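One file, structure-v8.txt, is given below (compact mmCIF, C-alpha atoms).
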```txt
# COMPACT_ATOMS: atom_id res chain seq x y z
CA MET S 25 25.29 -17.36 -23.45
CA THR S 26 23.31 -17.43 -20.22
CA VAL S 27 24.91 -16.74 -16.87
CA ALA S 28 24.03 -20.21 -15.60
CA ARG S 29 25.70 -21.85 -18.59
CA GLU S 30 28.91 -19.88 -18.04
CA ALA S 31 29.04 -20.19 -14.26
CA ILE S 32 27.48 -23.60 -13.58
CA TYR S 33 26.70 -25.94 -16.48
CA LEU S 34 29.86 -25.66 -18.55
CA PRO S 35 32.37 -25.88 -15.66
CA ALA S 36 30.42 -28.83 -14.23
CA LEU S 37 30.39 -30.53 -17.64
CA CYS S 38 34.13 -30.01 -18.10
CA LEU S 39 34.96 -31.25 -14.59
CA THR S 40 32.81 -34.33 -15.21
CA VAL S 41 34.83 -34.96 -18.39
CA THR S 42 38.03 -34.56 -16.33
CA LEU S 43 36.78 -37.05 -13.76
CA ILE S 44 35.23 -39.73 -15.97
CA GLY S 45 37.88 -39.31 -18.66
CA GLY S 46 40.56 -40.12 -16.11
CA LEU S 47 38.92 -43.30 -14.83
CA ARG S 48 40.82 -46.48 -15.70
CA PRO S 49 38.74 -49.28 -14.14
CA GLY S 50 40.79 -52.34 -13.26
CA GLY S 51 44.09 -50.57 -13.91
CA PRO S 52 47.01 -50.29 -11.47
CA THR S 53 46.22 -46.56 -11.08
CA VAL S 54 42.51 -45.79 -11.05
CA LEU S 55 42.83 -42.09 -11.91
CA PRO S 56 46.11 -41.36 -13.69
CA PRO S 57 46.79 -37.66 -14.27
CA PRO S 58 47.01 -36.46 -17.89
CA SER S 59 50.41 -36.85 -19.53
CA LEU S 60 52.62 -33.82 -20.18
CA PHE S 61 52.08 -34.19 -23.91
CA SER S 62 48.31 -34.02 -23.47
CA LEU S 63 48.76 -30.69 -21.67
CA VAL S 64 50.60 -29.41 -24.74
CA LEU S 65 47.85 -30.74 -27.01
CA ALA S 66 45.21 -29.09 -24.79
CA VAL S 67 46.96 -25.72 -25.17
CA LEU S 68 47.00 -26.21 -28.94
CA LEU S 69 43.31 -27.13 -28.90
CA LEU S 70 42.46 -23.96 -26.98
CA GLY S 71 44.46 -22.03 -29.59
CA VAL S 72 42.50 -23.67 -32.42
CA LEU S 73 39.18 -22.97 -30.68
CA ILE S 74 40.05 -19.31 -30.13
CA GLN S 75 41.38 -18.83 -33.65
CA SER S 76 38.25 -20.37 -35.20
CA GLY S 77 35.88 -18.36 -33.05
CA ALA S 78 34.50 -21.47 -31.31
CA LEU S 79 35.76 -19.90 -28.08
CA ALA S 80 35.72 -16.14 -27.57
CA PRO S 81 37.95 -15.37 -24.57
CA ARG S 82 36.80 -11.74 -24.55
CA ARG S 83 33.33 -12.96 -23.64
CA LEU S 84 34.88 -14.55 -20.55
CA LEU S 85 37.68 -12.14 -19.63
CA ASP S 86 37.44 -8.44 -20.30
CA ALA S 87 38.10 -5.15 -18.53
CA SER S 88 34.42 -4.24 -18.95
CA ARG S 89 33.35 -7.26 -16.88
CA SER S 90 33.18 -7.32 -13.08
CA SER S 91 35.72 -9.25 -10.96
CA LEU S 92 33.21 -12.02 -10.29
CA GLN S 93 32.40 -12.32 -13.99
CA ASN S 94 36.10 -12.51 -14.85
CA LEU S 95 36.60 -15.08 -12.10
CA ASN S 96 33.84 -17.20 -13.63
CA GLY S 97 35.59 -16.84 -16.98
CA VAL S 98 38.97 -17.92 -15.59
CA VAL S 99 37.39 -20.94 -13.89
CA LEU S 100 35.62 -21.93 -17.12
CA LEU S 101 38.81 -21.63 -19.18
CA GLY S 102 40.69 -23.69 -16.57
CA THR S 103 38.10 -26.46 -16.59
CA VAL S 104 38.00 -26.53 -20.41
CA PHE S 105 41.79 -26.89 -20.41
CA LEU S 106 41.70 -29.76 -17.89
CA ALA S 107 38.90 -31.53 -19.79
CA ALA S 108 40.81 -31.19 -23.07
CA ALA S 109 44.02 -32.56 -21.52
CA GLN S 110 42.19 -35.52 -20.00
CA THR S 111 40.37 -36.24 -23.28
CA PHE S 112 43.66 -36.39 -25.20
CA SER S 113 45.09 -38.60 -22.46
CA LEU S 114 42.04 -40.87 -22.64
CA LEU S 115 42.27 -41.31 -26.41
CA THR S 116 46.02 -41.95 -26.47
CA PRO S 117 47.08 -45.60 -26.06
CA GLU S 118 48.98 -46.48 -22.89
CA SER S 119 52.22 -47.74 -24.40
CA GLY S 120 54.37 -48.68 -27.37
CA LEU S 121 54.33 -47.50 -30.95
CA PRO S 122 50.60 -46.59 -31.00
CA ARG S 123 51.20 -44.07 -28.19
CA VAL S 124 53.82 -42.27 -30.27
CA LEU S 125 51.74 -42.44 -33.45
CA PHE S 126 48.60 -41.13 -31.77
CA GLY S 127 50.60 -38.23 -30.31
CA ILE S 128 51.88 -37.32 -33.77
CA TYR S 129 48.37 -37.76 -35.23
CA PHE S 130 46.82 -35.31 -32.76
CA LEU S 131 49.67 -32.83 -33.10
CA VAL S 132 49.60 -32.79 -36.92
CA LEU S 133 45.81 -32.51 -37.06
CA LEU S 134 45.69 -29.63 -34.57
CA VAL S 135 48.50 -27.73 -36.27
CA SER S 136 46.95 -28.22 -39.71
CA THR S 137 43.52 -27.13 -38.45
CA TRP S 138 45.13 -24.03 -36.96
CA ALA S 139 46.98 -23.32 -40.22
CA ALA S 140 43.78 -23.79 -42.27
CA ALA S 141 42.09 -21.00 -40.21
CA SER S 142 38.74 -22.78 -40.44
CA ASP S 143 35.54 -21.38 -38.98
CA ARG S 144 33.74 -22.59 -35.83
CA ILE S 145 31.50 -25.17 -37.50
CA ARG S 146 34.33 -26.71 -39.52
CA VAL S 147 36.61 -26.89 -36.48
CA LEU S 148 33.94 -28.57 -34.37
CA ARG S 149 33.22 -31.06 -37.17
CA SER S 150 36.94 -31.69 -37.63
CA LEU S 151 37.40 -32.29 -33.89
CA ALA S 152 34.44 -34.70 -33.81
CA VAL S 153 35.96 -36.69 -36.69
CA THR S 154 39.48 -36.61 -35.15
CA PHE S 155 38.31 -37.74 -31.71
CA GLY S 156 35.86 -40.26 -33.19
CA ALA S 157 38.58 -41.83 -35.34
CA ALA S 158 40.97 -41.99 -32.36
CA PHE S 159 38.24 -43.60 -30.26
CA ILE S 160 37.58 -46.28 -32.90
CA LEU S 161 41.29 -46.98 -33.35
CA LYS S 162 42.05 -47.23 -29.64
CA PHE S 163 38.96 -48.81 -28.16
CA ILE S 164 37.87 -51.04 -31.05
CA VAL S 165 40.80 -51.81 -33.39
CA LEU S 166 43.71 -51.87 -30.91
CA ASP S 167 41.55 -53.60 -28.30
CA ALA S 168 40.64 -56.34 -30.79
CA LEU S 169 44.31 -56.79 -31.71
CA SER S 170 45.40 -56.96 -28.07
CA GLU S 171 42.63 -59.12 -26.65
CA PRO S 172 43.60 -62.74 -25.92
CA THR S 173 41.62 -64.77 -28.45
CA ALA S 174 40.12 -68.17 -27.85
CA GLY S 175 40.49 -69.57 -31.38
CA ARG S 176 43.70 -71.15 -32.67
CA LEU S 177 43.68 -69.04 -35.84
CA GLY S 178 43.21 -65.88 -33.81
CA ARG S 179 46.14 -66.78 -31.56
CA VAL S 180 48.34 -67.50 -34.61
CA LEU S 181 47.43 -64.13 -36.18
CA GLN S 182 48.10 -62.33 -32.91
CA LEU S 183 51.46 -64.09 -32.57
CA LEU S 184 52.36 -63.12 -36.15
CA LEU S 185 51.41 -59.50 -35.50
CA GLU S 186 53.45 -59.41 -32.31
CA GLY S 187 56.40 -60.97 -34.14
CA VAL S 188 56.24 -58.53 -37.06
CA THR S 189 55.88 -55.47 -34.81
CA LEU S 190 58.24 -56.81 -32.10
CA GLY S 191 55.38 -56.52 -29.61
CA ALA S 192 55.21 -52.76 -30.06
CA VAL S 193 51.55 -52.61 -31.13
CA THR S 194 49.64 -54.77 -28.66
CA GLN S 195 48.33 -53.06 -25.52
CA ALA S 196 47.36 -54.17 -22.04
CA VAL S 197 43.81 -55.57 -22.08
CA GLN S 198 41.30 -52.95 -20.92
CA HIS S 199 38.36 -53.34 -18.59
CA PRO S 200 35.10 -53.97 -20.53
CA ALA S 201 33.64 -50.72 -19.15
CA SER S 202 36.54 -48.57 -20.43
CA GLY S 203 35.16 -48.16 -23.96
CA TYR S 204 31.71 -47.15 -22.74
CA LEU S 205 33.16 -44.61 -20.29
CA ALA S 206 35.38 -43.20 -23.04
CA PHE S 207 32.43 -42.87 -25.43
CA PHE S 208 30.36 -41.07 -22.80
CA THR S 209 33.28 -38.77 -21.97
CA LEU S 210 33.84 -37.95 -25.62
CA VAL S 211 30.18 -37.06 -26.17
CA LEU S 212 30.22 -34.81 -23.08
CA PHE S 213 33.43 -33.10 -24.19
CA LEU S 214 32.15 -32.41 -27.71
CA LEU S 215 28.92 -31.09 -26.21
CA ALA S 216 30.94 -28.78 -23.93
CA LEU S 217 32.95 -27.49 -26.92
CA ALA S 218 29.74 -26.78 -28.84
CA LEU S 219 28.32 -24.85 -25.86
CA LEU S 220 31.38 -22.60 -25.38
CA PRO S 221 30.83 -18.86 -25.81
CA ALA S 222 31.58 -18.28 -29.51
CA ARG S 223 32.72 -15.16 -31.28
CA ALA S 224 29.82 -13.27 -32.88
CA GLY S 225 29.36 -14.82 -36.34
CA GLY S 226 31.89 -17.53 -35.46
CA SER S 227 34.15 -16.49 -38.36
CA SER S 228 37.83 -17.25 -38.57
CA SER S 229 40.39 -14.64 -37.58
CA ALA S 230 41.40 -14.14 -41.21
CA GLN S 231 37.81 -13.31 -42.17
CA GLY S 232 37.54 -11.08 -39.14
CA MET S 233 40.54 -9.06 -40.27
CA VAL S 234 39.03 -8.57 -43.74
CA VAL S 235 35.81 -7.23 -42.20
CA ARG S 236 37.75 -4.82 -39.97
CA ASP S 237 39.77 -3.53 -42.94
CA TYR S 238 36.62 -2.31 -44.64
CA MET B 90 17.05 -18.73 -18.34
CA ALA B 91 17.17 -14.94 -18.23
CA TYR B 92 18.37 -12.81 -15.31
CA HIS B 93 17.06 -9.29 -15.14
CA GLY B 94 18.43 -8.14 -11.81
CA ASP B 95 22.11 -7.65 -10.95
CA MET B 96 21.50 -9.40 -7.63
CA GLY B 97 20.12 -12.47 -9.39
CA GLU B 98 23.11 -12.65 -11.73
CA THR B 99 25.58 -12.15 -8.89
CA ALA B 100 23.90 -14.90 -6.87
CA VAL B 101 24.06 -17.35 -9.80
CA ARG B 102 27.70 -16.47 -10.51
CA GLY B 103 28.64 -16.78 -6.83
CA ALA B 104 26.81 -20.08 -6.42
CA GLY B 105 28.39 -21.36 -9.65
CA LEU B 106 31.84 -20.41 -8.43
CA VAL B 107 31.38 -22.14 -5.08
CA MET B 108 29.91 -25.26 -6.71
CA THR B 109 32.66 -25.44 -9.33
CA LEU B 110 35.45 -24.98 -6.80
CA THR B 111 33.91 -27.63 -4.53
CA TYR B 112 33.56 -30.04 -7.44
CA ALA B 113 37.14 -29.26 -8.56
CA ALA B 114 38.39 -29.91 -5.02
CA LEU B 115 36.57 -33.27 -5.02
CA VAL B 116 38.09 -34.20 -8.39
CA GLY B 117 41.54 -33.13 -7.15
CA TRP B 118 41.10 -35.15 -3.95
CA LEU B 119 40.12 -38.24 -5.97
CA TYR B 120 43.20 -37.86 -8.18
CA ALA B 121 45.42 -37.46 -5.12
CA ARG B 122 43.92 -40.33 -3.10
CA GLN B 123 43.31 -42.81 -5.95
CA PRO B 124 40.47 -44.67 -4.21
CA ALA B 125 39.84 -48.05 -5.82
CA THR B 126 36.35 -48.69 -4.46
CA ILE B 127 33.20 -46.75 -3.61
CA ALA B 128 33.78 -47.69 0.05
CA GLU B 129 37.17 -45.97 -0.07
CA ILE B 130 35.59 -42.83 -1.55
CA THR B 131 32.80 -42.60 1.02
CA GLY B 132 35.14 -43.59 3.85
CA GLY B 133 37.72 -41.01 2.80
CA LEU B 134 35.10 -38.28 2.60
CA SER B 135 33.59 -39.16 5.97
CA ALA B 136 37.08 -39.34 7.50
CA ALA B 137 37.72 -35.84 6.16
CA VAL B 138 34.82 -34.57 8.30
CA GLY B 139 35.71 -36.84 11.23
CA ALA B 140 32.69 -39.13 10.80
CA TYR B 141 34.46 -42.38 9.89
CA HIS B 142 34.38 -45.24 12.42
CA VAL B 143 35.77 -48.75 12.34
CA ASP B 144 33.31 -51.59 12.91
CA ARG B 145 34.44 -52.66 16.41
CA ASP B 146 32.79 -56.13 16.33
CA ALA B 147 34.34 -57.01 12.99
CA PHE B 148 37.73 -55.77 14.21
CA ASP B 149 37.54 -57.93 17.37
CA ASN B 150 36.58 -60.94 15.25
CA GLY B 151 39.52 -60.25 12.96
CA LEU B 152 41.91 -60.02 15.90
CA ARG B 153 40.61 -63.30 17.32
CA TYR B 154 41.11 -65.07 13.99
CA PHE B 155 44.58 -63.52 13.71
CA ARG B 156 45.62 -64.90 17.12
CA ASN B 157 44.28 -68.35 16.13
CA ASP B 158 46.45 -68.28 12.95
CA GLN B 159 43.34 -68.13 10.73
CA PHE B 160 44.79 -65.44 8.52
CA VAL B 161 42.39 -65.49 5.56
CA GLU B 162 39.42 -65.24 7.92
CA ALA B 163 41.21 -62.55 9.92
CA ARG B 164 41.75 -60.41 6.81
CA ALA B 165 38.15 -60.85 5.70
CA ALA B 166 36.92 -59.59 9.07
CA LEU B 167 39.48 -56.77 9.22
CA GLU B 168 38.65 -55.60 5.69
CA ARG B 169 34.99 -55.58 6.73
CA ALA B 170 35.87 -53.53 9.79
CA ASP B 171 37.75 -50.90 7.77
CA PRO B 172 36.35 -50.94 4.21
CA ALA B 173 37.77 -47.52 3.40
CA ARG B 174 41.27 -48.49 4.60
CA ARG B 175 41.48 -45.45 6.86
CA ASP B 176 42.37 -47.04 10.22
CA PRO B 177 46.09 -47.58 10.95
CA ARG B 178 45.47 -50.26 13.60
CA THR B 179 43.34 -52.39 11.26
CA GLN B 180 45.79 -51.94 8.39
CA PHE B 181 48.65 -52.94 10.71
CA TYR B 182 46.95 -56.23 11.58
CA ILE B 183 46.10 -56.88 7.92
CA GLY B 184 49.80 -56.43 7.12
CA TYR B 185 50.79 -58.59 10.11
CA SER B 186 48.44 -61.39 8.96
CA TYR B 187 50.12 -61.36 5.52
CA TYR B 188 53.51 -61.59 7.22
CA ARG B 189 52.55 -64.51 9.44
CA GLN B 190 50.82 -66.38 6.61
CA GLY B 191 53.70 -65.82 4.20
CA TRP B 192 56.44 -66.68 6.70
CA GLY B 193 58.27 -69.99 6.24
CA ARG B 194 61.35 -71.56 7.76
CA LEU B 195 62.99 -72.12 4.37
CA TYR B 196 61.47 -69.34 2.31
CA SER B 197 58.78 -66.68 2.50
CA ASP B 198 55.88 -66.12 0.10
CA ASP B 199 56.79 -62.98 -1.88
CA THR B 200 53.23 -62.33 -3.07
CA LEU B 201 51.85 -62.29 0.47
CA TYR B 202 54.81 -60.27 1.72
CA ARG B 203 54.25 -57.60 -0.96
CA GLN B 204 50.58 -57.30 0.01
CA GLY B 205 51.64 -57.14 3.65
CA LEU B 206 54.12 -54.39 2.88
CA GLU B 207 51.39 -52.35 1.16
CA ALA B 208 49.17 -52.68 4.25
CA ALA B 209 52.08 -51.80 6.58
CA GLU B 210 52.81 -48.71 4.49
CA ARG B 211 49.15 -47.73 4.70
CA ALA B 212 49.25 -48.15 8.50
CA ARG B 213 52.36 -45.98 8.65
CA THR B 214 50.89 -43.27 6.40
CA LEU B 215 47.59 -43.14 8.27
CA ALA B 216 49.08 -43.00 11.78
CA PRO B 217 49.67 -39.63 13.45
CA GLU B 218 53.24 -38.48 12.65
CA GLU B 219 53.53 -41.68 10.55
CA ARG B 220 54.28 -43.69 13.72
CA PHE B 221 51.97 -46.55 14.62
CA VAL B 222 52.50 -48.55 17.83
CA ALA B 223 50.39 -51.61 18.74
CA ASP B 224 49.98 -52.11 22.48
CA ASP B 225 49.64 -55.91 22.51
CA PRO B 226 52.51 -57.48 24.57
CA SER B 227 51.78 -60.99 23.21
CA GLN B 228 53.10 -60.17 19.74
CA HIS B 229 56.72 -59.65 18.68
CA ILE B 230 56.16 -56.86 16.20
CA HIS B 231 54.76 -53.70 17.76
CA THR B 232 55.18 -50.93 15.19
CA ALA B 233 54.36 -50.45 11.53
CA ASP B 234 58.04 -49.61 10.96
CA GLU B 235 59.16 -52.97 12.39
CA LEU B 236 56.55 -54.80 10.31
CA ALA B 237 57.57 -53.00 7.12
CA ALA B 238 61.27 -53.69 7.82
CA GLU B 239 60.56 -57.37 8.46
CA LEU B 240 58.57 -57.69 5.23
CA GLU B 241 61.16 -55.78 3.20
CA SER B 242 63.89 -58.02 4.59
CA GLY B 243 61.88 -61.09 3.55
CA LEU B 244 61.51 -59.73 0.03
CA ARG B 245 65.26 -59.01 -0.34
CA ARG B 246 67.58 -61.62 -1.78
CA GLU B 247 70.82 -61.72 0.26
CA PRO B 248 73.59 -64.21 1.15
CA ALA B 249 72.03 -64.75 4.61
CA ASP B 250 69.10 -66.45 2.84
CA PHE B 251 71.38 -69.45 2.21
CA ASN B 252 72.47 -69.82 5.83
CA PRO B 253 71.30 -73.30 6.99
CA LEU B 254 70.77 -71.93 10.50
CA ARG B 255 67.83 -70.01 9.05
CA ILE B 256 65.57 -72.95 9.82
CA LEU B 257 66.06 -72.28 13.53
CA ARG B 258 64.65 -68.75 13.39
CA GLU B 259 61.24 -68.04 14.89
CA ARG B 260 58.23 -66.37 13.37
CA LYS B 261 57.54 -63.00 14.93
```
Would you give me this structure, written as structure tokens?
Amino acid sequence: MTVAREAIYLPALCLTVTLIGGLRPGGPTVLPPPSLFSLVLAVLLLGVLIQSGALAPRRLLDASRSSLQNLNGVVLLGTVFLAAAQTFSLLTPESGLPRVLFGIYFLVLLVSTWAAASDRIRVLRSLAVTFGAAFILKFIVLDALSEPTAGRLGRVLQLLLEGVTLGAVTQAVQHPASGYLAFFTLVLFLLALALLPARAGGSSSAQGMVVRDY
Amino acid sequence: MAYHGDMGETAVRGAGLVMTLTYAALVGWLYARQPATIAEITGGLSAAVGAYHVDRDAFDNGLRYFRNDQFVEARAALERADPARRDPRTQFYIGYSYYRQGWGRLYSDDTLYRQGLEAAERARTLAPEERFVADDPSQHIHTADELAAELESGLRREPADFNPLRILRERK
């Protein structure tokens, strides 16, 4: 990894994700901070990234590095953490049953990925699929279910859905730009994850232990 | 990009650190301030370096409309004078215009009163030591505290609301 990528590009990318990912155009709060649960999920994500070798903390923080180098490393880790928290917050619905279900979905997927001890490539692929699926569910499916429809049939179906779910599924209507901003944020975040300093070989910790034993 | 010299690497790392911390401070400031418009962002940033000024002509127009009971026009001019919502005096008169427009002998308009209360709170927050005083002797309300109290009282439901003598009260 080049010095510029570690000290400039990656922190700037992660802070951009934190900024754009937090934007809620047209909402009562324009930049809501990430929820407490997304902070927990961000910690888990960092754990998964380190365990898979997608993030090698020793390439950012080590006794052999100078103070300035370690400071750059701390700043990068901090910005990755903030970007991760804001991405989880962005992809989680604002209220009701979907909010709870999405929280469980992220938690289970992260824990299972950690338990599977996958390698860097598999973890990055898995995260792309997880975040992509959450994006589609929140910004396309839930949005379509919550949007006030013009047609009579649409209104009847929406009323039926609200009745069956006791209004726990439908969400507040989002600004038309929200989905585009979320898509852009997601692409930037996945790009940042792919650019993180990886462990040499990018193998899982289990594989690493086998190599050391020999 | 490759860096062969220690000096070159140190310079890039130092510059990166400064840039990242500045960017992080900007992001933190935006989260803390919650600006809703670009004007509020630029105004807030220029106020931070002491370069923000209210448009004096627009403010005077707003005040003239306010005194002529043209409240919608007054707010339009005052908003134009202080697009970043950084001036306590302008925010006070915006709040005052909501109060006067929403005031009624029998009942007050809660929507206008709520907007007025938000502006009065802004005036209070922006003023030094959170104490704003208007120096115009022709008006009955002189401070942001009085304005906020008046608006809060109008928004409260209390037994005094049903007192028939209410119709004799005067608008401040």
>> My list of candidates is S:Gly203, S:Gly187, S:Pro221, S:Pro57. Which is closest to chain B when distances are computed with all atoms listed in the file?
In response: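 For chain B, the nearest of the given residues is S:Pro57.
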> For chain B against chain S, which residues fall within 7 Å using all atoms listed in the file, given as a PyMOL selection string?
Replying inline: chain B and resi 90-91+98+101-102+105-106+109+113+116+120+123+125
> Restricting the calculation to only C-alpha atoms, which member of B:Ala170, B:Leu240, B:Ile183, B:Leu152 is positioned closest to Thr200 (chain B)?
Replying inline: B:Leu240
>> Please list, as a ChimeraX atom specification, the residues that have an atom at most 8 Å away from (57.3, -66.3, 21.9) in the coordinates of this file, counting all atoms listed in the file.
In response: /B:227-229,261
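Computed from the coordinates, the CA of Gly151 (chain B) to CA of Arg220 (chain B) distance equals 22.2 Å.
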> Which residues, protein or nucleic acid, reach to within 12 Å of (42.4, -63.4, 13.9) in the file's coordinates when using only C-alpha atoms, and can you give that as a ChimeraX atom specification?
Replying inline: /B:147-168,179,182-183,185-187,189-190
> Quick one: distance from CA of Thr232 (chain B) to CA of His142 (chain B) in Å, one decimal?
Replying inline: 21.7 Å
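You can rank B:Met96, B:Ala128, B:Leu236, B:Ala114 by their closest distance to Leu206 (chain B) using only C-alpha atoms, and at the top of that list sits B:Leu236.
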>> I want to know what sits within 8 Å of region 204-219 of chain S, based on only C-alpha atoms, with residues of the same chain fewer than 4 positions away left out; could you give that as a VMD selection string?
In response: chain S and resid 34 37 to 38 41 44 to 45 78 107 to 108 111 114 to 115 148 152 155 159 200
>> Could you tell me how far CA of Ile164 (chain S) sits from CA of Val180 (chain S), in Å to one decimal place?
In response: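 Between CA of Val180 (chain S) and CA of Ile164 (chain S) the gap is 19.8 Å.
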